[in-house]
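Peer 1: Here it is, the structure in full.
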Amino acid sequence: MDLACSPENPLRMVARLDVKGGNLVKGLQFDGLRVLGNPAAFAEDYYLKGIDEILLLDVVASLYGRNQLSQVLFDISSKVRIPVTVGGGINSVAEAGRMFRHGADRVAVNTAALARPELLRELASEFGSQAIVLSVEAKKNGGNRYEPCGEAGRERSGKSVLSWVQEAQELGVGEILITSIDRDGLRKGFDLELAEHVAPVLRVPAVFGGGFSSALQIPALIEVFPLAGVAIASEFHYEGVGPSHLKTQLEGLEVPIRPLEVFVEN
Amino acid sequence: MALEDAGLTVRVPDSPSSGLRNPIVVPGVGSFGAGMKAMRTSGFGPLIQSASESRPILGICLGMQLLFEEGDEFGEREGLALIAGAVRPLGPSLSVDGEIGRTVNTGWRRVEPAHESHWAATLLANSQSSSFFYFSHSFVAKAEAASVVAEFCYPERGPAVVGSGGITGIQFHPELSGLAGIKVLEAWRDSL
């Protein structure tokens, strides 16, 4: 079955919001985080500009054992009428349940699943595969080997991205989010080598991110990867191209997207 | 909160004893079996069934699937049986090397009325032609053609909106579908 975007199944444009202590932050290659402001205000702005989904990640949660997203999540879900995927420190069915009760539509899991893969099966059977995203934060590790890292890039796992994606799919995740740590925040384009490396093993829809800076990079990514969605952070946060302009550019490049809606100020 | 965007006032009943006096919305996320178990043990299931003759009912996502006669997903099989049909897995999908995977429909899908000429008579009346709505499910209703109002296509055609008398079901999430979703809820409000 076709996992890639199509006119019936348009490309999902996802705004990635990294959060630390209630603030929107952004780093370079997952390091040197800068504080940018109130995540809910950014989320609402992107919603009004036609973004398809919000990805909210607490980047220090695994370090402290629990995320601090409840308030941010509440603020966002009271303002936007699009799905919100939440990640950071989700290490049990109870913690995922807490996120769903606070307004998450899907949860993304990384560090806790690397430590205990069976968590993915537990989450999928409790909440359904469609609600569970495996987040893979990949670092190139010499040669043609990519390693998934935990703790927002701070912890190496010793696994290979390929076998980890395959294992997680067997455990029932409904979607994979792949982020290149090496390209994160640099705004110099996607890691096409990583995309090409992972593409053959994908059996569920995948969202790809890390390094986006120009609309032309998306058709190039679609060439090598069954792209269901793109995750974009810096380019939006630093007011490069915004979601609505990017959609207009992608339409011109014949990339299938959800058309912009007209919001009327009242 | 999206229902409030559409001009509706929402009251969440604490228990079946407080009764159901107004139009009823059955939301829901989770599995069919767990959903019906909750319906039965809470007492809301029988109450919704008896209210269905006099009250408009709107089921959303799992809430729509529970309106059918039976389901296949974990545990209890018997549904509320307000609309004829059954709920079955999407797919299964057959991947390139012959390995069978589960099909999950997550994302924005184009929705078209089942009968092209009837657009204005459906919940899509306020929406633009072939609007996109957000879906997130891995089971799908197998409904009789007469009750299918609008369809999506993933991986094959399935009901996006069903209706039978005062009973309406929506497979997608109008509350997560931007303005297009709010317009669907407004259309339902206008039909009350």
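Residue numbering restarts at 1 in every chain; chains get A, B, ... in the order shown in the structure tokens, and ligands count up from 1 in that same order.
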Skip stretch 142-158 of chain B itself and residues of its chain fewer than 6 positions away, then list as a ChimeraX atom specification all residues within 8 Å of it, counting only C-alpha atoms.

Peer 2: /A:1,8 /B:83-88,90-91,105,109-115,122,164

Peer 1: Write out the residues from the selection above, keeping N, CA, C and O atoms, as an mmCIF file, in the first residue's frame.

Peer 2:
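Everything below was put into part.cif:
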```
data_model
loop_
_atom_site.group_PDB
_atom_site.id
_atom_site.type_symbol
_atom_site.label_atom_id
_atom_site.label_comp_id
_atom_site.auth_asym_id
_atom_site.auth_seq_id
_atom_site.Cartn_x
_atom_site.Cartn_y
_atom_site.Cartn_z
ATOM 1 N N MET A 1 0.835 -1.196 0.000
ATOM 2 C CA MET A 1 0.000 0.000 0.000
ATOM 3 C C MET A 1 0.862 1.235 0.000
ATOM 4 O O MET A 1 1.976 1.240 0.506
ATOM 5 N N GLU A 8 -5.171 12.500 -2.913
ATOM 6 C CA GLU A 8 -6.222 12.101 -1.964
ATOM 7 C C GLU A 8 -5.727 12.183 -0.529
ATOM 8 O O GLU A 8 -6.501 12.171 0.419
ATOM 9 N N ILE B 83 -27.628 2.004 13.547
ATOM 10 C CA ILE B 83 -27.479 2.025 12.089
ATOM 11 C C ILE B 83 -27.062 0.613 11.658
ATOM 12 O O ILE B 83 -26.246 -0.024 12.342
ATOM 13 N N ALA B 84 -27.623 0.141 10.539
ATOM 14 C CA ALA B 84 -27.304 -1.217 10.073
ATOM 15 C C ALA B 84 -25.878 -1.285 9.549
ATOM 16 O O ALA B 84 -25.426 -0.392 8.841
ATOM 17 N N GLY B 85 -25.157 -2.355 9.927
ATOM 18 C CA GLY B 85 -23.805 -2.538 9.413
ATOM 19 C C GLY B 85 -22.857 -2.968 10.511
ATOM 20 O O GLY B 85 -23.259 -3.117 11.666
ATOM 21 N N ALA B 86 -21.583 -3.181 10.139
ATOM 22 C CA ALA B 86 -20.581 -3.676 11.080
ATOM 23 C C ALA B 86 -19.286 -2.901 10.908
ATOM 24 O O ALA B 86 -19.073 -2.243 9.900
ATOM 25 N N VAL B 87 -18.408 -2.987 11.926
ATOM 26 C CA VAL B 87 -17.138 -2.261 11.907
ATOM 27 C C VAL B 87 -16.000 -3.268 11.772
ATOM 28 O O VAL B 87 -15.907 -4.209 12.566
ATOM 29 N N ARG B 88 -15.193 -3.104 10.732
ATOM 30 C CA ARG B 88 -14.148 -4.085 10.393
ATOM 31 C C ARG B 88 -12.798 -3.380 10.259
ATOM 32 O O ARG B 88 -12.743 -2.168 10.057
ATOM 33 N N LEU B 90 -9.513 -1.752 8.694
ATOM 34 C CA LEU B 90 -9.120 -1.144 7.415
ATOM 35 C C LEU B 90 -8.075 -2.072 6.801
ATOM 36 O O LEU B 90 -7.245 -2.591 7.497
ATOM 37 N N GLY B 91 -8.048 -2.216 5.523
ATOM 38 C CA GLY B 91 -7.011 -3.082 4.930
ATOM 39 C C GLY B 91 -7.448 -4.539 5.033
ATOM 40 O O GLY B 91 -8.611 -4.798 4.864
ATOM 41 N N ASN B 105 -5.218 4.777 9.118
ATOM 42 C CA ASN B 105 -5.524 5.955 8.312
ATOM 43 C C ASN B 105 -5.366 7.194 9.193
ATOM 44 O O ASN B 105 -6.256 7.532 9.968
ATOM 45 N N ARG B 109 -7.800 13.693 4.589
ATOM 46 C CA ARG B 109 -8.287 12.988 3.398
ATOM 47 C C ARG B 109 -9.390 13.809 2.756
ATOM 48 O O ARG B 109 -10.204 14.439 3.435
ATOM 49 N N ARG B 110 -9.450 13.677 1.436
ATOM 50 C CA ARG B 110 -10.514 14.332 0.693
ATOM 51 C C ARG B 110 -11.834 13.601 0.952
ATOM 52 O O ARG B 110 -11.875 12.367 0.957
ATOM 53 N N VAL B 111 -12.897 14.356 1.194
ATOM 54 C CA VAL B 111 -14.214 13.765 1.436
ATOM 55 C C VAL B 111 -15.177 14.243 0.355
ATOM 56 O O VAL B 111 -15.259 15.434 0.060
ATOM 57 N N GLU B 112 -15.887 13.280 -0.253
ATOM 58 C CA GLU B 112 -16.849 13.587 -1.327
ATOM 59 C C GLU B 112 -18.219 13.025 -0.938
ATOM 60 O O GLU B 112 -18.290 11.941 -0.374
ATOM 61 N N PRO B 113 -19.290 13.733 -1.270
ATOM 62 C CA PRO B 113 -20.619 13.159 -1.023
ATOM 63 C C PRO B 113 -20.778 11.855 -1.800
ATOM 64 O O PRO B 113 -20.260 11.724 -2.912
ATOM 65 N N ALA B 114 -21.488 10.891 -1.207
ATOM 66 C CA ALA B 114 -21.665 9.601 -1.867
ATOM 67 C C ALA B 114 -22.516 9.755 -3.128
ATOM 68 O O ALA B 114 -22.368 9.013 -4.083
ATOM 69 N N HIS B 115 -23.432 10.730 -3.107
ATOM 70 C CA HIS B 115 -24.273 10.978 -4.284
ATOM 71 C C HIS B 115 -24.001 12.416 -4.700
ATOM 72 O O HIS B 115 -24.406 13.342 -4.000
ATOM 73 N N THR B 122 -26.292 17.488 2.651
ATOM 74 C CA THR B 122 -25.459 16.757 3.609
ATOM 75 C C THR B 122 -24.821 17.703 4.630
ATOM 76 O O THR B 122 -24.947 18.922 4.518
ATOM 77 N N SER B 164 -29.005 8.143 9.294
ATOM 78 C CA SER B 164 -30.226 7.350 9.199
ATOM 79 C C SER B 164 -31.228 8.003 10.145
ATOM 80 O O SER B 164 -31.046 7.956 11.360
#
```

Peer 1: List every residue of chain A that has an atom at most 6 Å from any atom of chain B, and for each one report the closest atom pair and its distance in Å to one decimal, counting only C-alpha atoms, with rows sorted by chain and then by increasing residue number, as a tab-separated table.

Peer 2:
```
residue	atom	partner	partner_atom	distance
A:Met1	CA	B:Ser93	CA	5.8
A:Glu8	CA	B:Arg110	CA	5.5
A:Asn9	CA	B:Arg109	CA	5.2
A:Arg81	CA	B:Leu176	CA	4.5
A:Ile82	CA	B:Leu176	CA	4.1
A:Pro83	CA	B:Leu176	CA	5.5
A:Phe127	CA	B:Gly30	CA	5.6
A:Gln130	CA	B:Val104	CA	5.8
```

Peer 1: With DSSP run on the backbone, what are the strand (DSSP E) residues within stretch 62-259 of chain A? I'd like them as a PyMOL selection string.

Peer 2: chain A and resi 84-87+106-109+132-140+146-150+155-156+175-180+206-209+227-232

Peer 1: Just give me the gap between atom CA of A:Leu33 and atom CA of A:Lys247 in Å, one decimal is fine.

Peer 2: 28.0 Å

Peer 1: Could you tell me, as a count of residues only, which residues of stretch 19-194 of chain A DSSP assigns to alpha helix (DSSP H) when given the backbone?

Peer 2: 59

Peer 1: Just the number, please: distance in Å from atom CA of A:Phe208 to atom CA of A:Phe225, one decimal.

Peer 2: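 Computing it gives 9.0 Å between the two atoms.
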
Peer 1: For atom CA of A:Arg258 and atom CA of A:Ala206, determine how far apart the two atoms are, in Å to one decimal place.

Peer 2: 17.3 Å

Peer 1: Excluding stretch 44-52 of chain B and its own-chain neighbours fewer than 5 positions away, which residues fall within 9 Å of it when counting only C-alpha atoms? Please give them as a CSV table (one decimal) with C-alpha atoms, in the first residue's frame.

Peer 2:
```
chain,number,residue,atom,x,y,z
B,15,SER,CA,-24.5,9.8,35.2
B,16,PRO,CA,-27.3,8.2,33.3
B,19,GLY,CA,-31.2,11.7,31.8
B,20,LEU,CA,-30.6,12.9,28.2
B,21,ARG,CA,-33.0,15.7,27.2
B,24,ILE,CA,-26.7,13.9,22.0
B,36,MET,CA,-19.0,-0.7,24.3
B,38,ALA,CA,-17.8,1.5,29.0
B,39,MET,CA,-21.2,2.1,27.4
B,57,ILE,CA,-27.6,11.8,17.9
B,79,GLY,CA,-22.8,-2.2,19.2
B,80,LEU,CA,-25.6,0.2,19.9
B,81,ALA,CA,-27.3,-1.0,16.7
B,82,LEU,CA,-28.8,2.3,15.7
B,166,GLY,CA,-31.9,11.6,13.3
B,167,ILE,CA,-28.8,9.5,13.8
```

Peer 1: Give me, as a VMD selection string, all polymer residues having an atom no more than 7 Å from B:Glu78, counting only C-alpha atoms and skipping those fewer than 3 positions away in the same chain.

Peer 2: chain B and resid 69 to 71

Peer 1: Just the selected residues (N, CA, C and O atoms), exported as a tab-separated table (two decimals), in the first residue's frame, please.

Peer 2:
```tsv
chain	number	residue	atom	x	y	z
B	69	GLU	N	-24.02	-2.20	14.34
B	69	GLU	CA	-24.53	-3.38	15.05
B	69	GLU	C	-23.43	-4.19	15.74
B	69	GLU	O	-23.64	-4.74	16.81
B	70	GLU	N	-22.25	-4.29	15.06
B	70	GLU	CA	-21.19	-5.06	15.71
B	70	GLU	C	-19.81	-4.60	15.27
B	70	GLU	O	-19.65	-3.94	14.24
B	71	GLY	N	-18.82	-4.93	16.12
B	71	GLY	CA	-17.43	-4.56	15.84
B	71	GLY	C	-16.50	-5.74	16.03
B	71	GLY	O	-16.89	-6.76	16.58
```

Peer 1: Determine, counting only C-alpha atoms, which protein, DNA and RNA residues have an atom within 12 Å of an atom of A:Phe74; residues of the same chain fewer than 3 positions away are not included. Present the result as a ChimeraX atom specification.

Peer 2: /A:22,39-40,43,56,68-71,77-80,84,86,98-104 /B:1

Peer 1: In terms of the shortest atom-to-atom distance over only C-alpha atoms, which of A:Met13, A:Ala41, A:Leu123, A:Ala113 is closest to A:Gly97?

Peer 2: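 Smallest separation from A:Gly97 among the options: A:Leu123.
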